[in-house]
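Coordinates from data_11.pdb are shown below (PDB, C-alpha atoms).
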ATOM      1  CA  MET P   1      87.855  81.201 104.933
ATOM      2  CA  LYS P   2      86.523  82.887 101.803
ATOM      3  CA  LEU P   3      87.703  86.455 101.287
ATOM      4  CA  ILE P   4      86.661  88.849  98.530
ATOM      5  CA  THR P   5      88.361  92.185  98.020
ATOM      6  CA  PHE P   6      87.252  95.223  96.047
ATOM      7  CA  ASP P   7      90.698  96.829  96.324
ATOM      8  CA  PRO P   8      93.554  94.488  95.351
ATOM      9  CA  PHE P   9      96.297  96.925  96.354
ATOM     10  CA  ARG P  10      95.031  97.144  99.947
ATOM     11  CA  THR P  11      94.992  93.350 100.278
ATOM     12  CA  LEU P  12      98.407  92.460  98.895
ATOM     13  CA  GLY P  13      99.821  89.741 101.125
ATOM     14  CA  THR P  14      96.415  88.363 102.114
ATOM     15  CA  PRO P  15      96.272  84.673 101.104
ATOM     16  CA  GLY P  16      93.391  83.252  99.096
ATOM     17  CA  VAL P  17      91.661  86.561  98.449
ATOM     18  CA  ARG P  18      89.489  86.958  95.338
ATOM     19  CA  TYR P  19      89.240  90.329  93.558
ATOM     20  CA  ILE P  20      85.942  91.648  92.184
ATOM     21  CA  LYS P  21      85.604  95.102  90.677
ATOM     22  CA  PRO P  22      83.170  97.244  92.707
ATOM     23  CA  GLU P  23      81.082  98.089  89.645
ATOM     24  CA  HIS P  24      80.641  94.340  88.956
ATOM     25  CA  MET P  25      79.259  93.658  92.433
ATOM     26  CA  ASN P  26      75.751  92.625  91.354
ATOM     27  CA  GLN P  27      77.108  90.244  88.731
ATOM     28  CA  HIS P  28      78.662  88.213  91.574
ATOM     29  CA  ARG P  29      75.842  88.373  94.080
ATOM     30  CA  GLU P  30      75.842  84.653  94.967
ATOM     31  CA  GLU P  31      79.606  84.603  95.383
ATOM     32  CA  LEU P  32      79.457  87.636  97.656
ATOM     33  CA  ALA P  33      76.705  86.023  99.721
ATOM     34  CA  GLN P  34      78.956  83.010 100.392
ATOM     35  CA  ALA P  35      82.013  85.021 101.424
ATOM     36  CA  ASP P  36      83.203  85.214 105.030
ATOM     37  CA  TRP P  37      84.550  88.755 104.623
ATOM     38  CA  LEU P  38      84.172  91.494 102.028
ATOM     39  CA  LEU P  39      87.261  93.685 102.020
ATOM     40  CA  PHE P  40      87.644  97.384 101.183
ATOM     41  CA  PRO P  41      84.387  98.066  99.349
ATOM     42  CA  ALA P  42      83.787 101.553  98.003
ATOM     43  CA  TYR P  43      81.668 103.753 100.241
ATOM     44  CA  TRP P  44      78.684 103.526  97.884
ATOM     45  CA  GLN P  45      78.623  99.723  98.254
ATOM     46  CA  ILE P  46      78.246  99.679 102.033
ATOM     47  CA  ASN P  47      74.460  99.753 102.355
ATOM     48  CA  SER P  48      73.923  96.919  99.870
ATOM     49  CA  LEU P  49      76.646  94.696 101.268
ATOM     50  CA  HIS P  50      75.811  95.168 104.943
ATOM     51  CA  TYR P  51      72.079  95.814 105.151
ATOM     52  CA  VAL P  52      70.962  93.695 102.173
ATOM     53  CA  LEU P  53      73.495  90.857 101.936
ATOM     54  CA  LYS P  54      74.193  90.934 105.712
ATOM     55  CA  LYS P  55      77.931  90.460 105.200
ATOM     56  CA  ARG P  56      80.903  91.221 107.405
ATOM     57  CA  ILE P  57      82.893  94.117 105.997
ATOM     58  CA  PHE P  58      86.474  95.181 106.579
ATOM     59  CA  PRO P  59      87.194  97.931 107.472
ATOM     60  CA  SER P  60      84.280  98.134 109.881
ATOM     61  CA  LEU P  61      81.101 100.140 109.352
ATOM     62  CA  SER P  62      82.302 102.547 112.039
ATOM     63  CA  SER P  63      85.533 103.092 110.150
ATOM     64  CA  TYR P  64      83.528 104.003 107.054
ATOM     65  CA  HIS P  65      80.726 106.039 108.589
ATOM     66  CA  LEU P  66      82.677 107.978 111.224
ATOM     67  CA  GLY P  67      85.590 108.549 108.870
ATOM     68  CA  HIS P  68      83.509 109.624 105.880
ATOM     69  CA  ASP P  69      84.080 113.331 106.414
ATOM     70  CA  LYS P  70      85.578 115.580 109.047
ATOM     71  CA  VAL P  71      82.213 116.871 110.312
ATOM     72  CA  GLU P  72      80.888 113.415 111.190
ATOM     73  CA  MET P  73      84.278 112.366 112.542
ATOM     74  CA  THR P  74      84.771 115.418 114.744
ATOM     75  CA  ARG P  75      81.268 115.304 116.203
ATOM     76  CA  ALA P  76      81.785 111.662 117.133
ATOM     77  CA  LEU P  77      85.166 112.424 118.711
ATOM     78  CA  GLN P  78      83.723 115.394 120.617
ATOM     79  CA  THR P  79      81.133 113.036 122.089
ATOM     80  CA  ALA P  80      83.564 110.207 122.845
ATOM     81  CA  CYS P  81      86.541 112.161 124.222
ATOM     82  CA  PRO P  82      85.928 115.941 124.151
ATOM     83  CA  GLU P  83      88.999 116.691 126.245
ATOM     84  CA  HIS P  84      91.153 115.158 123.493
ATOM     85  CA  VAL P  85      89.760 117.191 120.573
ATOM     86  CA  PRO P  86      91.120 120.674 119.768
ATOM     87  CA  ASP P  87      88.581 123.504 120.030
ATOM     88  CA  THR P  88      86.563 123.239 116.817
ATOM     89  CA  LEU P  89      83.703 125.183 115.275
ATOM     90  CA  ILE P  90      81.578 123.778 112.451
ATOM     91  CA  THR P  91      79.204 126.292 110.921
ATOM     92  CA  SER P  92      77.534 127.408 107.700
ATOM     93  CA  ALA P  93      79.509 128.863 104.805
ATOM     94  CA  ASP P  94      77.556 132.113 104.695
ATOM     95  CA  GLN P  95      77.678 135.553 106.259
ATOM     96  CA  TYR P  96      76.315 134.211 109.533
ATOM     97  CA  GLY P  97      79.077 131.593 109.735
ATOM     98  CA  ILE P  98      81.777 134.121 108.858
ATOM     99  CA  SER P  99      80.460 136.566 111.473
ATOM    100  CA  GLN P 100      80.310 133.799 114.079
ATOM    101  CA  ILE P 101      83.967 132.978 113.488
ATOM    102  CA  LEU P 102      85.069 136.617 113.495
ATOM    103  CA  ASP P 103      83.176 137.256 116.734
ATOM    104  CA  CYS P 104      84.510 134.229 118.614
ATOM    105  CA  TRP P 105      87.916 133.374 117.145
ATOM    106  CA  THR P 106      91.253 135.128 116.887
ATOM    107  CA  PHE P 107      93.769 134.696 114.074
ATOM    108  CA  PRO P 108      95.574 132.501 113.243
ATOM    109  CA  PHE P 109      93.575 129.266 113.200
ATOM    110  CA  VAL P 110      93.257 126.162 111.035
ATOM    111  CA  ALA P 111      90.501 125.685 108.447
ATOM    112  CA  LYS P 112      89.739 122.417 106.681
ATOM    113  CA  SER P 113      87.691 121.043 103.819
ATOM    114  CA  VAL P 114      85.401 118.404 105.284
ATOM    115  CA  LYS P 115      86.284 115.738 102.700
ATOM    116  CA  SER P 116      90.025 115.751 102.269
ATOM    117  CA  SER P 117      93.081 113.756 103.315
ATOM    118  CA  GLN P 118      96.881 113.640 103.064
ATOM    119  CA  GLY P 119      97.143 117.246 104.174
ATOM    120  CA  MET P 120      95.099 118.512 101.253
ATOM    121  CA  GLY P 121      92.290 120.941 102.075
ATOM    122  CA  VAL P 122      93.994 122.182 105.251
ATOM    123  CA  PHE P 123      94.658 125.909 105.484
ATOM    124  CA  LEU P 124      96.232 128.357 107.910
ATOM    125  CA  ILE P 125      93.877 131.339 108.215
ATOM    126  CA  GLU P 126      95.730 134.462 109.326
ATOM    127  CA  ASN P 127      93.352 137.284 108.406
ATOM    128  CA  ARG P 128      89.784 138.207 107.468
ATOM    129  CA  GLN P 129      90.330 138.032 103.707
ATOM    130  CA  GLN P 130      91.745 134.509 103.922
ATOM    131  CA  LEU P 131      88.656 133.481 105.895
ATOM    132  CA  ILE P 132      86.347 134.989 103.259
ATOM    133  CA  ASP P 133      88.269 133.274 100.453
ATOM    134  CA  TYR P 134      88.031 129.958 102.311
ATOM    135  CA  ALA P 135      84.267 130.409 102.854
ATOM    136  CA  GLU P 136      83.711 131.028  99.141
ATOM    137  CA  ARG P 137      85.236 127.638  98.313
ATOM    138  CA  GLU P 138      83.396 125.571 100.907
ATOM    139  CA  SER P 139      79.836 124.505 101.667
ATOM    140  CA  VAL P 140      80.609 124.047 105.391
ATOM    141  CA  LEU P 141      83.094 125.986 107.490
ATOM    142  CA  TYR P 142      85.325 123.899 109.749
ATOM    143  CA  VAL P 143      87.801 125.826 111.875
ATOM    144  CA  GLN P 144      90.056 124.473 114.563
ATOM    145  CA  LYS P 145      92.449 125.887 117.148
ATOM    146  CA  LEU P 146      96.051 126.096 115.996
ATOM    147  CA  LEU P 147      97.995 124.008 118.476
ATOM    148  CA  PRO P 148     101.549 124.980 119.513
ATOM    149  CA  ILE P 149     103.325 122.011 117.911
ATOM    150  CA  VAL P 150     106.194 121.481 115.468
ATOM    151  CA  ARG P 151     105.435 117.807 114.737
ATOM    152  CA  ASP P 152     102.596 115.339 115.152
ATOM    153  CA  LEU P 153     102.125 111.599 115.491
ATOM    154  CA  ARG P 154     100.764 109.024 113.099
ATOM    155  CA  ILE P 155      99.471 105.953 114.919
ATOM    156  CA  VAL P 156      98.295 103.108 112.690
ATOM    157  CA  VAL P 157      95.593 100.709 113.875
ATOM    158  CA  VAL P 158      94.765  97.485 112.023
ATOM    159  CA  GLY P 159      92.293  95.080 113.572
ATOM    160  CA  HIS P 160      92.696  95.914 117.237
ATOM    161  CA  GLU P 161      96.469  96.305 117.125
ATOM    162  CA  ILE P 162      98.671  99.351 116.906
ATOM    163  CA  VAL P 163     101.023  98.262 114.133
ATOM    164  CA  ALA P 164     103.078 101.460 113.841
ATOM    165  CA  SER P 165     103.594 104.774 115.585
ATOM    166  CA  TYR P 166     105.959 107.537 114.563
ATOM    167  CA  TRP P 167     106.421 111.286 114.485
ATOM    168  CA  ARG P 168     105.944 113.379 111.352
ATOM    169  CA  GLU P 169     107.773 116.656 111.020
ATOM    170  CA  GLY P 170     107.379 119.244 108.276
ATOM    171  CA  SER P 171     109.313 122.345 107.331
ATOM    172  CA  GLY P 172     106.193 124.513 107.484
ATOM    173  CA  PHE P 173     102.552 124.353 108.526
ATOM    174  CA  LEU P 174     101.828 120.746 107.469
ATOM    175  CA  ASN P 175     103.533 117.606 108.741
ATOM    176  CA  ASN P 176     101.990 115.073 106.333
ATOM    177  CA  VAL P 177     104.537 112.877 104.568
ATOM    178  CA  SER P 178     102.583 113.356 101.313
ATOM    179  CA  GLN P 179     103.104 117.118 101.711
ATOM    180  CA  GLY P 180     106.852 116.899 102.233
ATOM    181  CA  GLY P 181     107.002 116.020 105.919
ATOM    182  CA  ARG P 182     109.571 113.509 107.134
ATOM    183  CA  VAL P 183     109.189 110.502 109.377
ATOM    184  CA  ARG P 184     110.964 110.591 112.738
ATOM    185  CA  THR P 185     111.423 107.176 114.325
ATOM    186  CA  ASP P 186     114.254 108.340 116.582
ATOM    187  CA  LEU P 187     111.899 110.040 119.053
ATOM    188  CA  PRO P 188     109.896 108.119 121.685
ATOM    189  CA  VAL P 189     106.128 107.950 121.232
ATOM    190  CA  PRO P 190     104.290 108.957 124.428
ATOM    191  CA  GLU P 191     102.314 106.201 126.108
ATOM    192  CA  ALA P 192      99.425 108.649 126.628
ATOM    193  CA  ALA P 193      98.959 108.893 122.849
ATOM    194  CA  LEU P 194      99.147 105.130 122.328
ATOM    195  CA  SER P 195      96.692 104.475 125.156
ATOM    196  CA  LEU P 196      94.226 107.049 123.832
ATOM    197  CA  VAL P 197      94.246 105.659 120.294
ATOM    198  CA  SER P 198      94.074 102.042 121.449
ATOM    199  CA  GLY P 199      91.089 102.674 123.722
ATOM    200  CA  LEU P 200      89.287 104.971 121.282
ATOM    201  CA  SER P 201      89.664 102.672 118.271
ATOM    202  CA  ARG P 202      88.275  99.728 120.233
ATOM    203  CA  TYR P 203      85.458 101.768 121.758
ATOM    204  CA  LEU P 204      84.350 103.096 118.360
ATOM    205  CA  ASP P 205      85.176  99.841 116.497
ATOM    206  CA  ILE P 206      87.587 101.561 114.123
ATOM    207  CA  ASN P 207      89.741  98.718 112.846
ATOM    208  CA  HIS P 208      91.722 100.180 109.946
ATOM    209  CA  ALA P 209      92.909 103.757 110.319
ATOM    210  CA  GLY P 210      95.816 106.107 110.610
ATOM    211  CA  PHE P 211      95.236 108.417 113.589
ATOM    212  CA  ASP P 212      96.881 111.839 113.613
ATOM    213  CA  VAL P 213      97.681 112.935 117.153
ATOM    214  CA  ALA P 214      99.178 116.149 118.499
ATOM    215  CA  MET P 215     100.935 116.330 121.843
ATOM    216  CA  VAL P 216     100.669 119.597 123.780
ATOM    217  CA  GLY P 217     102.877 118.977 126.763
ATOM    218  CA  ASP P 218     101.799 115.569 128.050
ATOM    219  CA  HIS P 219      98.257 115.863 126.698
ATOM    220  CA  PRO P 220      97.264 114.104 123.432
ATOM    221  CA  TYR P 221      94.774 115.580 120.961
ATOM    222  CA  ILE P 222      93.183 113.587 118.146
ATOM    223  CA  LEU P 223      93.352 115.714 115.000
ATOM    224  CA  GLU P 224      91.619 113.167 112.746
ATOM    225  CA  PHE P 225      91.852 109.626 111.460
ATOM    226  CA  ASN P 226      91.974 108.313 107.913
ATOM    227  CA  ARG P 227      90.415 104.988 106.956
ATOM    228  CA  LEU P 228      92.570 104.792 103.810
ATOM    229  CA  PHE P 229      95.937 105.991 105.025
ATOM    230  CA  GLY P 230      99.307 106.107 103.293
ATOM    231  CA  ASN P 231     102.070 103.712 104.248
ATOM    232  CA  THR P 232     105.113 105.474 102.801
ATOM    233  CA  GLY P 233     108.027 106.571 104.923
ATOM    234  CA  VAL P 234     108.275 103.438 107.078
ATOM    235  CA  PRO P 235     109.848 100.597 105.034
ATOM    236  CA  GLU P 236     108.331  97.653 106.928
ATOM    237  CA  LEU P 237     104.870  99.161 107.394
ATOM    238  CA  PRO P 238     103.131  97.460 104.417
ATOM    239  CA  LYS P 239     104.206  94.031 105.692
ATOM    240  CA  ALA P 240     103.138  94.859 109.241
ATOM    241  CA  ILE P 241      99.725  96.038 108.026
ATOM    242  CA  ALA P 242      99.209  92.878 105.949
ATOM    243  CA  ALA P 243     100.200  90.616 108.844
ATOM    244  CA  ALA P 244      97.899  92.385 111.322
ATOM    245  CA  MET P 245      95.004  92.325 108.867
ATOM    246  CA  ASN P 246      95.469  88.585 108.311
ATOM    247  CA  ARG P 247      95.512  87.935 112.067
ATOM    248  CA  TYR P 248      92.270  89.887 112.447
ATOM    249  CA  LEU P 249      90.419  88.339 109.498
ATOM    250  CA  LEU P 250      91.555  84.768 110.065
ATOM    251  CA  GLY P 251      91.418  84.847 113.849
ATOM    252  CA  PRO P 252      88.551  84.489 116.343
ATOM    253  CA  GLU P 253      85.600  86.858 116.452
ATOM    254  CA  PRO P 254      86.862  90.328 117.486
ATOM    255  CA  PRO P 255      85.974  91.582 120.978
ATOM    256  CA  SER P 256      82.815  93.639 121.465
ATOM    257  CA  SER P 257      83.297  97.396 121.653
ATOM    258  CA  SER P 258      81.144  97.356 124.811
ATOM    259  CA  ASP P 259      84.028  95.665 126.615
ATOM    260  CA  THR P 260      86.399  98.578 126.015
ATOM    261  CA  SER P 261      86.769 102.164 127.129
ATOM    262  CA  VAL P 262      88.543 105.338 126.121
ATOM    263  CA  SER P 263      91.577 106.209 128.219
ATOM    264  CA  ALA P 264      94.630 108.400 128.037
TER     265      ALA P 264
END
So that I can check it, write out the structure of this file as structure tokens.
Amino acid sequence: MKLITFDPFRTLGTPGVRYIKPEHMNQHREELAQADWLLFPAYWQINSLHYVLKKRIFPSLSSYHLGHDKVEMTRALQTACPEHVPDTLITSADQYGISQILDCWTFPFVAKSVKSSQGMGVFLIENRQQLIDYAERESVLYVQKLLPIVRDLRIVVVGHEIVASYWREGSGFLNNVSQGGRVRTDLPVPEAALSLVSGLSRYLDINHAGFDVAMVGDHPYILEFNRLFGNTGVPELPKAIAAAMNRYLLGPEPPSSSDTSVSA
């Protein structure tokens, strides 16, 4: 098995992997063509590696394309499992979009930048002026219902396995560990959330992602997923990720997404 990575830090613990800098891709064209897997390319490499060289890429194309920004991700999730997506409005960052929000939404609600992660670019909008300030910074307005939660779940999928699941709890609006939230492994993770993420990731062929899930009563909501997720806060998580990735890459051909379904 010949493996080439474009991100050595994401493939620590993977045996026999060869590192090539993304910007040197075309200097190693023959070597890339002979590889069994190309691992963690930059987004700009995807078209050349998949459509031109016809190579298998990890994470999957779905993980890249659906996870590229929150607009594409949310629209896909609304199509796949609308009952598990918080009420969301995506509109233009102009007077029409602002008026649409003011006419249809009540404060407070959540606003997000469409290309952000780790809790960055997520805002609590509590009044008209905050909405206007947000609109001036963005090219697209993305607003979402504020759910009545004090913590959320991170569920990590690698290959077609759930390798970790835990609660994240913040002292304020955000629960992200990178924003000061803490990991809670002492609380049980609801089976409804695990089942939803397992079925959805297989159905959409998302094979490397950290899913953020909110529980409102017994009902799970997918907030988003991140293709390049952090692994701090859980000591054994890096080893678990590496082991699951090796099983996926070195194992038999993964199952077809047509054989799976979304459930919760």
Env of range 65-82 of chain P: 12 Å cut, atoms = only C-alpha atoms, seq-sep filter 6 positions within chain, self excluded. Answer as a ChimeraX atom specification. /P:42-44,46-47,59,88-92,111-117,121-122,139-144,196-197,199-211,220-229,261-264
Which of these residues is nearest to Trp37 in chain P, using only C-alpha atoms: P:His84, P:Arg18, P:Arg128, P:Arg10?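 With only C-alpha atoms as the atom set, the closest residue is P:Arg18.
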Residues at most 12 Å from Lys54 in chain P, counting all atoms listed in the file, excluding those fewer than 4 positions away in the same chain, as a PyMOL selection string? chain P and resi 32-38+46-50
Quick check, in Å to one decimal: how far apart do CA of Val52 in chain P and CA of Thr11 in chain P lie?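 Separation between CA of Val52 in chain P and CA of Thr11 in chain P: 24.1 Å.
When the PyMOL selection byres ((chain P and resi 231-245) around 7) is run on the displayed coordinates, the residues it returns are P:Gly13, P:Thr14, P:Val158, P:Gly159, P:Val163, P:Val183, P:Phe229, P:Gly230, P:Asn246, P:Arg247, P:Tyr248, P:Leu249.
Interatomic distance, CA of Val110 in chain P to CA of Trp167 in chain P: 20.2 Å.
Ranking P:Ile149, P:Met1, P:Arg168, P:Glu30 by their shortest atom-to-atom distance to Asp186 in chain P, with all atoms listed in the file included, puts P:Arg168 first.
Distance-wise, CA of Phe107 in chain P and CA of Leu146 in chain P end up 9.1 Å apart.
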Write out as a PyMOL selection string each polymer residue whose atoms come within 10 Å of Tyr19 in chain P, counting all atoms listed in the file; drop sequence neighbours fewer than 3 positions from it. chain P and resi 3-8+11+16+22+38-39
